[in-house]
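Have a look at run.tsv below; it lists TSV, C-alpha atoms.
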chain	number	residue	atom	x	y	z
F	1	MET	CA	175.45	-81.51	109.11
F	2	ARG	CA	175.96	-81.60	112.87
F	3	ARG	CA	179.67	-82.36	112.36
F	4	LYS	CA	179.96	-79.45	109.92
F	5	ILE	CA	178.30	-77.10	112.38
F	6	LEU	CA	180.62	-78.26	115.16
F	7	GLY	CA	183.62	-77.84	112.87
F	8	LEU	CA	182.60	-74.34	111.91
F	9	ALA	CA	182.07	-73.51	115.57
F	10	CYS	CA	185.60	-74.69	116.41
F	11	VAL	CA	187.12	-72.68	113.58
F	12	SER	CA	185.13	-69.65	114.66
F	13	ALA	CA	186.30	-70.06	118.25
F	14	LEU	CA	189.94	-70.36	117.17
F	15	LEU	CA	189.63	-67.28	114.98
F	16	GLY	CA	188.03	-65.46	117.89
F	17	LEU	CA	190.94	-66.39	120.16
F	18	HIS	CA	193.43	-65.24	117.52
F	19	VAL	CA	191.70	-61.89	117.09
F	20	GLN	CA	191.44	-61.50	120.86
F	21	SER	CA	195.13	-62.32	121.28
F	22	ALA	CA	196.16	-59.89	118.54
F	23	SER	CA	194.01	-57.20	120.11
F	24	LEU	CA	195.59	-57.83	123.51
F	25	ALA	CA	199.08	-57.40	122.06
F	26	GLN	CA	198.10	-54.09	120.47
F	27	THR	CA	196.54	-52.60	123.60
F	28	TYR	CA	198.99	-53.94	126.22
F	29	PRO	CA	199.92	-52.35	128.56
F	30	THR	CA	197.10	-50.15	129.77
F	31	LYS	CA	198.36	-49.68	133.33
F	32	PRO	CA	201.65	-49.75	135.31
F	33	ILE	CA	203.72	-52.94	135.26
F	34	ARG	CA	205.18	-54.33	138.47
F	35	VAL	CA	208.64	-55.89	138.28
F	36	ILE	CA	209.44	-58.00	141.33
F	37	ILE	CA	213.05	-58.47	142.40
F	38	ALA	CA	214.12	-60.93	145.07
F	39	GLN	CA	216.97	-58.74	146.32
F	40	ALA	CA	217.09	-55.46	148.27
F	41	PRO	CA	216.92	-51.95	146.79
F	42	GLY	CA	220.38	-50.89	145.63
F	43	SER	CA	221.39	-54.46	144.77
F	44	ALA	CA	222.79	-55.37	141.37
F	45	THR	CA	219.39	-56.80	140.40
F	46	ASP	CA	217.74	-53.51	141.33
F	47	VAL	CA	220.27	-51.48	139.33
F	48	VAL	CA	219.89	-53.65	136.21
F	49	THR	CA	216.10	-53.50	136.44
F	50	ARG	CA	216.16	-49.70	136.70
F	51	ILE	CA	218.52	-49.29	133.75
F	52	ILE	CA	216.33	-51.41	131.49
F	53	GLY	CA	213.04	-50.29	133.05
F	54	ASN	CA	213.70	-46.62	132.35
F	55	LYS	CA	213.77	-47.36	128.62
F	56	LEU	CA	210.80	-49.71	128.72
F	57	GLN	CA	208.70	-47.01	130.38
F	58	GLU	CA	209.37	-44.77	127.41
F	59	SER	CA	208.58	-47.38	124.76
F	60	LEU	CA	205.56	-48.92	126.52
F	61	GLY	CA	204.08	-45.64	127.73
F	62	GLN	CA	203.44	-47.01	131.22
F	63	PRO	CA	205.44	-46.87	134.47
F	64	LEU	CA	207.48	-49.89	135.56
F	65	VAL	CA	207.33	-50.14	139.34
F	66	ILE	CA	210.08	-52.13	141.04
F	67	ASP	CA	208.80	-54.22	143.94
F	68	ALA	CA	211.76	-55.39	146.04
F	69	ARG	CA	210.97	-58.51	148.07
F	70	PRO	CA	214.27	-59.66	149.62
F	71	GLY	CA	214.52	-62.48	152.11
F	72	ALA	CA	215.10	-66.22	152.46
F	73	GLY	CA	218.02	-66.15	150.04
F	74	GLY	CA	215.86	-64.83	147.22
F	75	THR	CA	213.17	-67.50	147.51
F	76	LEU	CA	210.60	-65.12	149.03
F	77	GLY	CA	210.42	-62.74	146.09
F	78	THR	CA	210.65	-65.59	143.59
F	79	ASP	CA	207.68	-67.32	145.22
F	80	ILE	CA	205.59	-64.14	145.12
F	81	ALA	CA	206.36	-63.72	141.41
F	82	ALA	CA	205.59	-67.36	140.64
F	83	LYS	CA	202.13	-67.05	142.19
F	84	ALA	CA	201.24	-63.67	140.62
F	85	ALA	CA	198.45	-63.33	138.08
F	86	PRO	CA	199.71	-64.24	134.57
F	87	ASP	CA	198.31	-61.11	132.94
F	88	GLY	CA	201.51	-59.34	131.94
F	89	TYR	CA	201.30	-56.79	134.73
F	90	THR	CA	203.68	-58.64	137.05
F	91	LEU	CA	207.14	-59.55	135.80
F	92	PHE	CA	210.23	-60.87	137.58
F	93	MET	CA	213.92	-60.03	137.18
F	94	ALA	CA	215.62	-63.35	137.75
F	95	ASN	CA	219.32	-63.94	138.27
F	96	ASN	CA	221.86	-66.71	138.70
F	97	SER	CA	220.75	-67.20	142.31
F	98	THR	CA	216.96	-67.35	141.85
F	99	HIS	CA	217.14	-69.51	138.72
F	100	GLY	CA	220.53	-71.16	139.09
F	101	SER	CA	221.88	-71.92	142.52
F	102	ASN	CA	218.65	-71.82	144.58
F	103	PRO	CA	216.85	-74.60	142.66
F	104	ALA	CA	220.05	-76.63	142.83
F	105	LEU	CA	220.88	-76.08	146.51
F	106	TYR	CA	217.51	-76.00	148.30
F	107	ALA	CA	216.04	-79.41	149.03
F	108	LYS	CA	212.51	-78.04	148.65
F	109	LEU	CA	211.08	-74.79	147.25
F	110	PRO	CA	207.44	-73.59	147.27
F	111	TYR	CA	207.59	-73.17	143.48
F	112	ASP	CA	209.17	-74.77	140.42
F	113	ALA	CA	211.77	-72.43	138.93
F	114	VAL	CA	211.11	-73.77	135.43
F	115	ARG	CA	207.44	-74.76	135.26
F	116	ASP	CA	206.10	-71.73	137.16
F	117	PHE	CA	207.67	-69.11	134.88
F	118	SER	CA	207.55	-68.00	131.25
F	119	PRO	CA	210.99	-66.82	130.05
F	120	ILE	CA	211.08	-63.45	128.29
F	121	ILE	CA	214.72	-62.52	127.65
F	122	PHE	CA	218.30	-62.96	128.86
F	123	ALA	CA	219.10	-59.35	129.78
F	124	ALA	CA	222.67	-58.97	131.06
F	125	ALA	CA	225.65	-60.94	132.31
F	126	THR	CA	229.14	-60.55	133.69
F	127	PRO	CA	231.99	-63.01	134.15
F	128	TYR	CA	233.93	-63.76	137.27
F	129	VAL	CA	237.68	-63.30	137.20
F	130	LEU	CA	239.92	-66.11	138.41
F	131	SER	CA	242.26	-63.98	140.52
F	132	VAL	CA	245.27	-64.77	142.69
F	133	HIS	CA	247.39	-62.95	145.23
F	134	PRO	CA	250.68	-61.66	143.76
F	135	SER	CA	252.66	-63.88	146.13
F	136	LEU	CA	251.32	-67.01	144.43
F	137	PRO	CA	253.97	-68.03	141.86
F	138	VAL	CA	251.61	-68.52	138.91
F	139	ARG	CA	250.70	-66.48	135.86
F	140	THR	CA	248.36	-68.84	134.02
F	141	VAL	CA	245.50	-71.21	134.82
F	142	LYS	CA	247.65	-74.20	133.85
F	143	GLN	CA	250.34	-73.08	136.29
F	144	LEU	CA	247.74	-72.70	139.05
F	145	ILE	CA	246.43	-76.20	138.38
F	146	ALA	CA	249.95	-77.64	138.40
F	147	LEU	CA	250.76	-75.88	141.69
F	148	ALA	CA	247.51	-77.07	143.29
F	149	LYS	CA	248.24	-80.64	142.21
F	150	SER	CA	251.69	-80.43	143.79
F	151	LYS	CA	250.20	-79.05	147.02
F	152	PRO	CA	246.84	-80.80	147.56
F	153	GLY	CA	244.73	-79.10	150.24
F	154	GLN	CA	247.32	-76.37	150.84
F	155	ILE	CA	245.91	-73.60	148.61
F	156	ASN	CA	242.76	-71.84	149.80
F	157	TYR	CA	240.19	-69.85	147.86
F	158	ALA	CA	237.69	-67.24	149.01
F	159	SER	CA	234.02	-66.88	148.20
F	160	ALA	CA	231.16	-64.53	149.07
F	161	GLY	CA	229.55	-67.30	151.11
F	162	ASN	CA	228.62	-70.96	151.06
F	163	GLY	CA	226.61	-71.75	147.93
F	164	SER	CA	227.45	-68.44	146.24
F	165	THR	CA	228.41	-68.44	142.58
F	166	HIS	CA	232.00	-67.63	143.62
F	167	HIS	CA	231.97	-70.83	145.69
F	168	LEU	CA	230.42	-72.92	142.91
F	169	ALA	CA	232.95	-71.60	140.39
F	170	GLY	CA	235.72	-72.77	142.71
F	171	GLU	CA	234.14	-76.20	143.03
F	172	LEU	CA	233.75	-76.43	139.24
F	173	LEU	CA	237.46	-75.62	138.86
F	174	LYS	CA	238.36	-78.29	141.40
F	175	THR	CA	236.23	-80.90	139.65
F	176	MET	CA	237.29	-80.13	136.08
F	177	ALA	CA	240.99	-79.74	136.95
F	178	GLY	CA	241.13	-82.61	139.42
F	179	ILE	CA	242.63	-80.50	142.20
F	180	ASP	CA	242.01	-80.02	145.92
F	181	MET	CA	241.74	-76.47	147.28
F	182	VAL	CA	240.24	-75.34	150.61
F	183	HIS	CA	237.11	-73.19	150.49
F	184	VAL	CA	237.04	-70.17	152.83
F	185	PRO	CA	233.61	-68.48	152.83
F	186	TYR	CA	233.19	-64.80	153.74
F	187	LYS	CA	230.08	-62.72	154.35
F	188	GLY	CA	229.93	-61.02	150.99
F	189	THR	CA	232.07	-60.13	147.99
F	190	THR	CA	233.82	-57.11	149.54
F	191	PRO	CA	235.31	-58.93	152.57
F	192	ALA	CA	236.31	-61.84	150.32
F	193	ILE	CA	238.22	-59.55	147.96
F	194	SER	CA	239.80	-57.81	150.96
F	195	ALA	CA	240.98	-61.20	152.19
F	196	LEU	CA	242.55	-61.92	148.81
F	197	LEU	CA	244.30	-58.55	148.69
F	198	GLY	CA	245.55	-59.01	152.24
F	199	GLY	CA	246.95	-62.46	151.52
F	200	GLU	CA	244.59	-64.31	153.87
F	201	VAL	CA	243.61	-66.45	150.88
F	202	SER	CA	245.44	-67.11	147.63
F	203	VAL	CA	242.69	-67.54	145.05
F	204	MET	CA	239.22	-66.16	144.31
F	205	PHE	CA	236.67	-65.97	141.54
F	206	ALA	CA	236.03	-62.24	141.92
F	207	THR	CA	233.63	-59.86	140.23
F	208	VAL	CA	235.02	-57.74	137.40
F	209	THR	CA	234.18	-54.41	139.04
F	210	GLY	CA	235.51	-55.59	142.39
F	211	ILE	CA	238.89	-56.88	141.22
F	212	GLN	CA	239.75	-54.89	138.08
F	213	PRO	CA	241.11	-51.80	139.92
F	214	HIS	CA	243.39	-54.01	142.02
F	215	VAL	CA	244.65	-55.88	138.97
F	216	LYS	CA	245.65	-52.55	137.44
F	217	THR	CA	247.62	-51.57	140.56
F	218	GLY	CA	249.26	-54.99	140.87
F	219	ARG	CA	247.60	-55.95	144.15
F	220	ALA	CA	246.03	-58.96	142.42
F	221	LYS	CA	246.69	-61.01	139.29
F	222	ALA	CA	243.94	-61.92	136.80
F	223	LEU	CA	244.47	-65.36	135.28
F	224	ALA	CA	241.22	-65.82	133.35
F	225	VAL	CA	237.54	-64.90	133.02
F	226	THR	CA	234.70	-67.38	133.32
F	227	THR	CA	232.71	-66.54	130.18
F	228	ALA	CA	232.72	-68.74	127.08
F	229	LYS	CA	234.23	-65.83	125.12
F	230	ARG	CA	236.60	-63.11	126.29
F	231	SER	CA	235.00	-60.22	128.13
F	232	SER	CA	234.95	-56.80	126.46
F	233	MET	CA	235.75	-55.35	129.90
F	234	MET	CA	239.01	-57.31	130.19
F	235	PRO	CA	239.79	-58.36	126.60
F	236	GLU	CA	243.44	-59.04	127.36
F	237	VAL	CA	242.52	-61.78	129.85
F	238	PRO	CA	241.86	-65.27	128.41
F	239	THR	CA	238.91	-67.42	129.36
F	240	VAL	CA	239.33	-70.42	131.66
F	241	SER	CA	238.01	-72.49	128.77
F	242	GLU	CA	240.68	-71.41	126.29
F	243	ALA	CA	243.45	-71.28	128.89
F	244	ALA	CA	243.10	-74.77	130.32
F	245	LEU	CA	239.61	-76.24	130.77
F	246	PRO	CA	237.40	-76.37	127.63
F	247	GLY	CA	233.72	-75.87	128.46
F	248	PHE	CA	234.28	-74.04	131.75
F	249	GLU	CA	231.68	-71.29	132.23
F	250	MET	CA	230.16	-69.57	135.25
F	251	LEU	CA	228.31	-66.26	135.03
F	252	SER	CA	226.52	-63.71	137.11
F	253	TRP	CA	223.44	-63.00	135.02
F	254	PHE	CA	220.02	-61.33	134.94
F	255	GLY	CA	216.91	-62.03	132.88
F	256	LEU	CA	213.26	-61.14	132.66
F	257	LEU	CA	210.52	-63.67	133.37
F	258	ALA	CA	206.73	-63.68	133.66
F	259	PRO	CA	204.47	-66.01	135.65
F	260	ALA	CA	203.64	-69.21	133.75
F	261	GLY	CA	200.51	-68.83	131.65
F	262	THR	CA	201.17	-65.24	130.62
F	263	PRO	CA	199.82	-64.83	127.05
F	264	ALA	CA	202.44	-65.54	124.39
F	265	THR	CA	201.65	-62.25	122.65
F	266	ILE	CA	202.64	-60.34	125.79
F	267	VAL	CA	205.82	-62.39	126.22
F	268	THR	CA	206.73	-61.69	122.59
F	269	ARG	CA	205.97	-57.99	122.96
F	270	MET	CA	208.13	-57.70	126.09
F	271	ASN	CA	210.94	-59.66	124.45
F	272	THR	CA	210.93	-57.28	121.47
F	273	GLU	CA	210.74	-54.13	123.58
F	274	THR	CA	213.49	-55.28	125.96
F	275	ALA	CA	215.77	-56.38	123.13
F	276	GLN	CA	215.42	-52.95	121.55
F	277	ALA	CA	216.25	-51.30	124.89
F	278	LEU	CA	219.32	-53.50	125.37
F	279	ALA	CA	220.58	-52.55	121.92
F	280	LEU	CA	220.73	-48.83	122.82
F	281	SER	CA	224.21	-47.41	123.31
F	282	ASP	CA	223.33	-45.57	126.53
F	283	VAL	CA	221.86	-48.74	128.04
F	284	LYS	CA	224.99	-50.69	127.08
F	285	SER	CA	227.15	-47.96	128.64
F	286	ALA	CA	225.11	-47.91	131.85
F	287	LEU	CA	225.38	-51.69	132.15
F	288	ALA	CA	229.10	-51.61	131.36
F	289	ALA	CA	229.59	-49.15	134.23
F	290	GLN	CA	228.28	-51.95	136.47
F	291	GLY	CA	230.61	-54.50	134.88
F	292	LEU	CA	227.79	-56.01	132.81
F	293	GLU	CA	227.33	-56.80	129.13
F	294	ALA	CA	223.94	-56.48	127.44
F	295	MET	CA	222.56	-59.82	126.24
F	296	SER	CA	219.49	-60.73	124.16
F	297	GLY	CA	217.86	-63.73	122.46
F	298	THR	CA	214.46	-65.38	122.25
F	299	PRO	CA	212.28	-66.58	125.14
F	300	ASP	CA	213.02	-70.20	124.19
F	301	GLN	CA	216.76	-69.58	124.21
F	302	PHE	CA	216.55	-68.04	127.68
F	303	GLY	CA	214.40	-70.91	128.91
F	304	ASP	CA	216.92	-73.45	127.63
F	305	TYR	CA	219.75	-71.53	129.29
F	306	ILE	CA	217.97	-71.62	132.68
F	307	LYS	CA	217.46	-75.39	132.40
F	308	ARG	CA	221.12	-75.95	131.57
F	309	GLU	CA	222.21	-73.63	134.37
F	310	ILE	CA	220.16	-75.45	137.01
F	311	ALA	CA	221.35	-78.86	135.77
F	312	LYS	CA	225.01	-77.75	135.79
F	313	ILE	CA	224.90	-76.27	139.28
F	314	THR	CA	222.97	-79.25	140.63
F	315	LYS	CA	225.74	-81.51	139.37
F	316	ILE	CA	228.45	-79.31	140.92
F	317	ALA	CA	226.62	-79.06	144.25
F	318	LYS	CA	226.04	-82.81	144.50
F	319	ALA	CA	229.67	-83.60	143.71
F	320	ALA	CA	230.90	-81.12	146.33
F	321	GLY	CA	228.18	-81.74	148.91
F	322	VAL	CA	227.12	-78.08	148.85
F	323	LYS	CA	223.71	-77.27	150.34
F	324	ALA	CA	221.88	-74.04	151.11
F	325	GLU	CA	222.42	-72.79	154.65
Written form, structure tokens:
Amino acid sequence: MRRKILGLACVSALLGLHVQSASLAQTYPTKPIRVIIAQAPGSATDVVTRIIGNKLQESLGQPLVIDARPGAGGTLGTDIAAKAAPDGYTLFMANNSTHGSNPALYAKLPYDAVRDFSPIIFAAATPYVLSVHPSLPVRTVKQLIALAKSKPGQINYASAGNGSTHHLAGELLKTMAGIDMVHVPYKGTTPAISALLGGEVSVMFATVTGIQPHVKTGRAKALAVTTAKRSSMMPEVPTVSEAALPGFEMLSWFGLLAPAGTPATIVTRMNTETAQALALSDVKSALAAQGLEAMSGTPDQFGDYIKREIAKITKIAKAAGVKAE
């Protein structure tokens, strides 16, 4: 009899938790939601968050307040988000730095980029464009690789800084192609592209929005994009993977996370609401204006992507000896 009573009590408790969880999903949210970003206002992360957040405010019926916490290469804001209460009222817009390069490049972080977060959805992404100065006598990735092999250490490539995704893409190309090129870091994307256009460097993995106008005017040549599939923004340009190096991929991406321990019902609700927002034509157009493509998927799929991203960049960084400055 005692065992039966205990069993009934357990079943009752589980039912109570289920009802409570279902009720939470129906009532959430009842107050404004804070979305932390680890970059400054006006940054790409800020813009993406505002585009998506404007639609979420309408569907959720509560304001989404962006809390910009830049500093320490993005680790400051990420740490604040990781330690926030897991109640659904603090979210975090992650990107390829906070949950890609930072965990791979920093020897020690005050949080675990995987264990301390609950993935919600992969929101948006954009490729980099393998670009060269017109004076470089190549038109394809295979020709660039062949030229670099014939001139080891004589071709240089620009990046937006040591440890940036532009830098890591260059190191991935070097490793996969078996070539030696010299890395020249600049303080940001704009000066790096200017250096490419001016002929100070010969090669760069540039952003789509930054390089596309110059490709159209002939001041730069686009050899390939770094996505697994061709980009809708430059459909005529092949991928590095199809052009020469199968499996090559390096993205600039953004995705929504919550602190670990956030109720699954809230994570599911936010995944559904965000996916619906990303499917809207005006949201897709607004993202496209920033050189981004709307993404989607389940929380588990996004979580798996983050793990693969960190593992890939860790491998690249170790092989090249790249560390955070």
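The two atoms in question, atom CA of Ala206 of chain F and atom CA of Ser150 of chain F, are spaced 24.1 Å apart.
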Problem - All residues 12 Å or closer to Leu172 of chain F, only C-alpha atoms, same chain fewer than 2 positions away omitted, as a PyMOL selection string - result: chain F and resi 165-170+174-181+205+226+240-241+245+247-250+312-320+322
Handout entry: Atom-to-atom span, atom CA of Glu236 of chain F and atom CA of Ser97 of chain F, Å
Key =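 The value is 28.4 Å.
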Problem - Pairwise distance for atom CA of Ser285 of chain F and atom CA of Ile266 of chain F, rounded to one decimal in Å - result: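 Atom CA of Ile266 of chain F lies at a distance of 27.6 Å from atom CA of Ser285 of chain F.
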Problem - Proximity to Met93 of chain F - best of F:Lys142, F:Arg34, F:Arg308, F:Lys284, all atoms listed in the file - result: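 Between F:Lys142, F:Arg34, F:Arg308, F:Lys284, the residue approaching Met93 of chain F most closely is F:Arg34.
Using all atoms listed in the file for every distance, the candidate list F:Thr49, F:Ser59, F:Thr140, F:Asn102 yields F:Ser59 as the residue closest to Met270 of chain F.
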Handout entry: Distance criterion (only C-alpha atoms): nearest to Met295 of chain F out of F:Ala123, F:Ala84, F:Val182, F:Ala72
Key = F:Ala123
Practice task
Check the smallest atom-to-atom distance from each of F:Ser194, F:Ser131, F:Gln39, F:Gln276 to Asn95 of chain F using all atoms listed in the file, then report the winner.
Solution key: F:Gln39
Practice task
Can you pull out every residue within 9 Å of Gln212 of chain F, counting only C-alpha atoms, but drop anything in the same chain fewer than 5 positions away, and send it as a list in words?
Solution key: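 These residues fall inside the cut-off: Val129, Thr207, Thr217, Ala220, Ala222 and Met234 of chain F.
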Exercise for the section: Skip Gly61 of chain F itself and residues of its chain fewer than 2 positions away, then list as JSON, numbers by chain all residues within 10 Å of it, counting all atoms listed in the file. Expected result: {"F": [28, 29, 30, 31, 32, 55, 56, 57, 58, 59, 63, 64]}
Kindly save the residues from that selection, with C-alpha atoms included, as a compact mmCIF listing (two decimals), in the frame of the given file.
# COMPACT_ATOMS: atom_id res chain seq x y z
CA TYR F 28 198.99 -53.94 126.22
CA PRO F 29 199.92 -52.35 128.56
CA THR F 30 197.10 -50.15 129.77
CA LYS F 31 198.36 -49.68 133.33
CA PRO F 32 201.65 -49.75 135.31
CA LYS F 55 213.77 -47.36 128.62
CA LEU F 56 210.80 -49.71 128.72
CA GLN F 57 208.70 -47.01 130.38
CA GLU F 58 209.37 -44.77 127.41
CA SER F 59 208.58 -47.38 124.76
CA PRO F 63 205.44 -46.87 134.47
CA LEU F 64 207.48 -49.89 135.56
What residues have an atom no more than 7 Å from (247.2, -67.5, 132.1) in the file's own frame, counting all atoms listed in the file, and can you write them as a PDB file with C-alpha atoms, in the frame of the given file?
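Saved as selection.pdb:
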ATOM      1  CA  ARG F 139     250.700 -66.480 135.860  1.00  0.00           C
ATOM      2  CA  THR F 140     248.360 -68.840 134.020  1.00  0.00           C
ATOM      3  CA  VAL F 141     245.500 -71.210 134.820  1.00  0.00           C
ATOM      4  CA  LYS F 142     247.650 -74.200 133.850  1.00  0.00           C
ATOM      5  CA  LEU F 223     244.470 -65.360 135.280  1.00  0.00           C
ATOM      6  CA  ALA F 224     241.220 -65.820 133.350  1.00  0.00           C
ATOM      7  CA  PRO F 238     241.860 -65.270 128.410  1.00  0.00           C
ATOM      8  CA  ALA F 243     243.450 -71.280 128.890  1.00  0.00           C
TER       9      ALA F 243
END
Practice task
Using all atoms listed in the file, determine which residues lie at most 8 Å from Ala258 of chain F, disregarding the query and same-chain residues fewer than 3 positions distant; provide the list as a PyMOL selection string.
Solution key: chain F and resi 81-82+86+88+90-92+117-120+262+267
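Of the residues under consideration (F:Glu242, F:Gly303, F:Asn96, F:Pro259), F:Asn96 shows the shortest atom-to-atom contact distance to Ala125 of chain F when counting all atoms listed in the file.
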